[in-house]
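Structure first, commentary second.
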Amino acid sequence: VQLQACGGGLVQAGDSLRLSCAASGGNFGSAIMGWFRQVPGKEREFVAVIKWSTASTTYYADSVKGRFTVSRDLAKRMLYLQMNELKPEDTAVYYCAVDPTYNVDRRTWSRPGTYTYWGQGTLVTVSS
């Protein structure tokens, strides 16, 4: 399984940005796909997750709820993160990740250790 994230960049507060993550290899039938972010010196932080087979199953961190939207395209095997109303505190390296083995306990979905495969990260910088 390989994940390739892209779409980061430098934007101003209030702007929008869409991150993409191309997934190749593996069978994602029962997977959950997540977005995390990390600032140097801090732990990796959960952002959003979507169930690959049922796009209506999503879950967001409180800090991004209402501003970010996670989605996926089954045919293209792409994961997306639409980020609106960006704030300086959203500045981080963003990672996509996949857990191929679906865990019904949603409390695990926000834990980095749940995910087996990770993309290389894409930097988002939001200036004030």
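So you can find residues: chains in the structure tokens are A, B, ... in the order shown, residues in each start at 1, and ligands are numbered from 1 in order.
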
With only C-alpha atoms as the counted atoms, please give the residues lying no more than 6 Å from Phe68 of chain A, apart from itself and same-chain residues fewer than 6 positions off, as a tab-separated table (two decimals) with N, CA and C atoms, in the first residue's frame.
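Output (around10.tsv):
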chain	number	residue	atom	x	y	z
A	82	GLN	N	-10.99	18.87	2.15
A	82	GLN	CA	-11.30	20.25	1.80
A	82	GLN	C	-11.23	21.08	3.07
A	83	MET	N	-10.37	22.09	3.06
A	83	MET	CA	-10.16	22.92	4.25
A	83	MET	C	-10.60	24.35	3.94
A	84	ASN	N	-11.59	24.80	4.63
A	84	ASN	CA	-12.10	26.16	4.46
A	84	ASN	C	-11.85	26.96	5.73

Next item on the list: Using backbone DSSP assignments, extract all strand (DSSP E) residues from chain A; output them as a PyMOL selection string.
Entry: chain A and resi 2-6+9-12+17-24+32-38+45-51+58-60+68-73+78-83+92-99+117-118+122-127

Note to self: For Phe46 of chain A, find every residue with an atom within 10 Å (counting only C-alpha atoms), except residues of its own chain fewer than 5 positions away, and show them as a PyMOL selection string.
What the structure shows: chain A and resi 34-38+59-64+94-95+109-112

Using N, CA, C and O atoms, can you write the selected residues to a file as a CSV table (one decimal), in the first residue's frame?
chain,number,residue,atom,x,y,z
A,34,GLY,N,-7.8,8.2,7.1
A,34,GLY,CA,-7.7,9.3,8.0
A,34,GLY,C,-6.8,10.4,7.6
A,34,GLY,O,-5.9,10.2,6.8
A,35,TRP,N,-7.0,11.6,8.1
A,35,TRP,CA,-6.1,12.7,8.0
A,35,TRP,C,-5.6,13.1,9.4
A,35,TRP,O,-6.4,13.2,10.3
A,36,PHE,N,-4.3,13.3,9.5
A,36,PHE,CA,-3.7,13.8,10.7
A,36,PHE,C,-2.8,14.9,10.4
A,36,PHE,O,-2.5,15.2,9.2
A,37,ARG,N,-2.4,15.7,11.4
A,37,ARG,CA,-1.5,16.8,11.2
A,37,ARG,C,-0.5,16.8,12.3
A,37,ARG,O,-0.8,16.3,13.4
A,38,GLN,N,0.7,17.4,12.0
A,38,GLN,CA,1.7,17.5,13.1
A,38,GLN,C,2.5,18.7,12.9
A,38,GLN,O,2.9,19.1,11.8
A,59,TYR,N,-15.9,11.4,10.6
A,59,TYR,CA,-15.7,11.9,12.0
A,59,TYR,C,-14.6,12.9,12.0
A,59,TYR,O,-13.6,12.8,11.3
A,60,TYR,N,-14.8,14.0,12.8
A,60,TYR,CA,-13.9,15.1,12.7
A,60,TYR,C,-13.4,15.5,14.1
A,60,TYR,O,-14.1,15.4,15.1
A,61,ALA,N,-12.2,16.1,14.2
A,61,ALA,CA,-11.8,16.7,15.4
A,61,ALA,C,-12.6,18.0,15.6
A,61,ALA,O,-13.0,18.6,14.7
A,62,ASP,N,-12.8,18.3,16.9
A,62,ASP,CA,-13.6,19.4,17.2
A,62,ASP,C,-13.0,20.7,16.6
A,62,ASP,O,-13.7,21.6,16.2
A,63,SER,N,-11.7,20.8,16.5
A,63,SER,CA,-11.0,22.0,16.1
A,63,SER,C,-11.3,22.3,14.6
A,63,SER,O,-11.0,23.4,14.1
A,64,VAL,N,-11.7,21.3,13.8
A,64,VAL,CA,-11.9,21.5,12.4
A,64,VAL,C,-13.4,21.3,12.0
A,64,VAL,O,-13.7,21.5,10.8
A,94,TYR,N,0.4,17.8,7.0
A,94,TYR,CA,-0.8,16.9,7.0
A,94,TYR,C,-0.4,15.6,6.4
A,94,TYR,O,0.2,15.5,5.3
A,95,TYR,N,-0.9,14.5,7.0
A,95,TYR,CA,-0.6,13.2,6.6
A,95,TYR,C,-2.0,12.5,6.3
A,95,TYR,O,-2.9,12.6,7.1
A,109,TRP,N,-10.4,5.4,16.0
A,109,TRP,CA,-10.2,6.1,14.7
A,109,TRP,C,-9.4,7.3,14.8
A,109,TRP,O,-8.8,7.7,13.9
A,110,SER,N,-9.3,7.9,16.0
A,110,SER,CA,-8.6,9.2,16.1
A,110,SER,C,-7.1,8.9,16.7
A,110,SER,O,-6.4,9.9,16.9
A,111,ARG,N,-6.8,7.7,16.8
A,111,ARG,CA,-5.5,7.3,17.4
A,111,ARG,C,-4.5,7.0,16.2
A,111,ARG,O,-4.8,6.1,15.4
A,112,PRO,N,-3.4,7.7,16.1
A,112,PRO,CA,-2.4,7.4,15.1
A,112,PRO,C,-2.0,5.9,15.0
A,112,PRO,O,-1.7,5.4,14.0

Check: With only C-alpha atoms as the basis for distance, which of A:Ser30, A:Ser56, A:Thr125, A:Gln2 is at the shortest distance from Leu86 of chain A?
Finding: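 Answer, going by the shortest atom-to-atom distance: A:Thr125.
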
Notebook entry, point to check: What is the distance between atom CA of Gly66 of chain A and atom CA of Leu123 of chain A, in Å to one decimal?
Noted result: 21.4 Å

Check: Pick from A:Tyr102, A:Thr91, A:Gly9, A:Gly119: nearest to Pro40 of chain A, with only C-alpha atoms counted?
Finding: A:Thr91
